[in-house]
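**Q** I have a structure I would like to understand better, so I am pasting it below and will then ask my questions one at a time.
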Amino acid sequence: MSKETIIIIDYGSGNLRSAAKAFEHVITRDGVNAEVLISDKAEDVLKADRIVLPGQGAFPDCMENLQATTGMIEAMEQRVLKDGKPFLGICVGMQLLASRGLEHTMTAGLDWVPGQVVPFDIDARFKIPQMGWNELIMPNSGAQDNRHPLLKSVQGSIESLEESAVHYYFVHSYMFECQYNHHVLGLTDYGGLYASIVGRDNIVGVQFHPEKSQDAGLQLLGDFMAWNP
């Protein structure tokens with residue numbers, strides 16, 4: 001059985017090494033036949049089995065950097081949209097999935113998950129950026145077996161707003177507004193509920209940093225590596 005390749009895209013806008021180390025830890029822990037490669041080369045993405053797009057900083061800067069990485073968006077479109085390979089966007093890498101971002105100016109996104117990235121609209125009691133641990137809430141209680149494969153372990157629901165057993169680490173000032181509710185896979189409450197996990201088909205984006213979220217984050221990365229959409 002050939003070894004899977006997980007590509008972490010290097011476009012000058014992400015915390016690459018910590019993400020790679022988290023995946024390497026899970027590969028060793030779970031005995032997964034896979035390797036992690038950090039790359040800024042489109043040809044590597046075209047051969048990847050799983051693709052990860054991290055991101056830190058402002059939406060316009062990250063999008064500009066991605067566009068400036070030769071052939072990268074075209075390779076991502078081929079491997080993710082056409083070939084159906086599993087994709088994970090992290091933090092701004094999740095936000096770039098939107099149709100547009102409104103950080104400082106209006107910037108076109110990848111438009112893989114229809115919607116827009118907008119500032120938090122919350123009262124002054126809540127500091128911006130949101131920085132620290134927060135819980136993940138399911139959009140509805142539903143049967144756990146019907147949940148997305150990456151979210152099987154999350155307990156909290158919007159109906160009960162019970163304390164979830166699963167918390168993740170967040171650092172961000174803007175939030176993703178999905179055009180369609182069925183693309184919202186998970187919510188977080190910070191002065192109001194917002195989409196903290198979005199997705200469709202073989203694409204998932206998380207607003208938090210799984211690589212900084214200890215066991216909960218490692219569980220999600222392990223589930224991503226086992227996911228075959």
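A note on labels: chains of the structure tokens are A, B, ... as shown, every chain counts residues from 1, and ligands are counted from 1 in their shown order.
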Which residues are close to His209 of chain A, i.e. within 8 Å by only C-alpha atoms, leaving aside same-chain residues fewer than 6 positions away? Reply as a list in words.
**A**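 Residues near the query, excluding close chain neighbours: Ile90, Cys91, Tyr168, Tyr169, Phe170, Val171 and Gly217 of chain A.
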**Q** Residues as selected, N, CA and C atoms, written as a PDB file, in the first residue's frame, can you do that?
**A**
```pdb
ATOM      1  N   ILE A  90      -7.412  26.179   7.596  1.00  0.00           N
ATOM      2  CA  ILE A  90      -7.230  26.518   9.005  1.00  0.00           C
ATOM      3  C   ILE A  90      -7.137  28.028   9.169  1.00  0.00           C
ATOM      4  N   CYS A  91      -7.963  28.588  10.050  1.00  0.00           N
ATOM      5  CA  CYS A  91      -7.980  30.010  10.385  1.00  0.00           C
ATOM      6  C   CYS A  91      -8.212  30.849   9.122  1.00  0.00           C
ATOM      7  N   TYR A 168     -11.424  24.376  21.580  1.00  0.00           N
ATOM      8  CA  TYR A 168     -10.345  24.621  20.628  1.00  0.00           C
ATOM      9  C   TYR A 168      -9.780  26.024  20.848  1.00  0.00           C
ATOM     10  N   TYR A 169      -8.611  26.251  20.259  1.00  0.00           N
ATOM     11  CA  TYR A 169      -7.920  27.531  20.463  1.00  0.00           C
ATOM     12  C   TYR A 169      -8.147  28.457  19.267  1.00  0.00           C
ATOM     13  N   PHE A 170      -8.640  29.663  19.552  1.00  0.00           N
ATOM     14  CA  PHE A 170      -8.996  30.647  18.525  1.00  0.00           C
ATOM     15  C   PHE A 170      -8.123  31.894  18.630  1.00  0.00           C
ATOM     16  N   VAL A 171      -7.791  32.478  17.474  1.00  0.00           N
ATOM     17  CA  VAL A 171      -7.201  33.815  17.395  1.00  0.00           C
ATOM     18  C   VAL A 171      -7.708  34.438  16.096  1.00  0.00           C
ATOM     19  N   GLY A 217      -7.671  19.044  19.153  1.00  0.00           N
ATOM     20  CA  GLY A 217      -7.173  19.369  17.826  1.00  0.00           C
ATOM     21  C   GLY A 217      -6.526  18.184  17.142  1.00  0.00           C
TER      22      GLY A 217
END
```
**Q** For segment 28-39 of chain A, list every protein, DNA or RNA residue within 9 Å, evaluated using only C-alpha atoms, and leave out those in the same chain fewer than 6 positions away; present the list as a list of chain:residue names.
**A**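 Returned residues: A:Met1, A:Ser2, A:Lys3, A:Glu4, A:Thr5, A:Ile6, A:Ile7, A:Ile8, A:Ile9, A:Asp10, A:Tyr11, A:Leu16, A:Arg17, A:Ala20, A:Lys21, A:Val45, A:Gly222, A:Met225, A:Ala226.
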**Q** Using DSSP secondary structure from the backbone, list all alpha helix (DSSP H) positions within segment 59-102 of chain A, as a list of chain:residue names.
**A** A:Phe59, A:Pro60, A:Asp61, A:Cys62, A:Met63, A:Glu64, A:Asn65, A:Leu66, A:Gln67, A:Ala68, A:Met72, A:Ile73, A:Glu74, A:Ala75, A:Met76, A:Val92, A:Gly93, A:Met94, A:Gln95
**Q** For each of A:Tyr194, A:Ile137, A:Val204, A:Lys47, take the minimum atom-to-atom distance to Leu221 of chain A, counting only C-alpha atoms, then give the residue where this is smallest.
**A**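 Looking at the shortest contact to Leu221 of chain A, the residue is A:Val204.
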**Q** Would you list the contacts of Asp201 of chain A as a list of chain:residue names, taking every protein, DNA or RNA residue within 9 Å and counting only C-alpha atoms, but skipping same-chain residues closer than 5 positions in sequence?
**A**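 Listing them by chain and then by number gives A:Gly84, A:Pro86, A:Pro229.
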**Q** Rank A:Val206, A:Val113, A:Ile128, A:Leu220 by their smallest atom-to-atom distance to Cys178 of chain A, using only C-alpha atoms, and report the top residue only.
**A** A:Val113
**Q** According to DSSP computed on the backbone, where in segment 47-169 of chain A is there strand (DSSP E or B)? Give the residues as a PyMOL selection string.
**A** chain A and resi 50-53+87-90+100-101+107-108+115-119+130-135+137-138+157+167-169
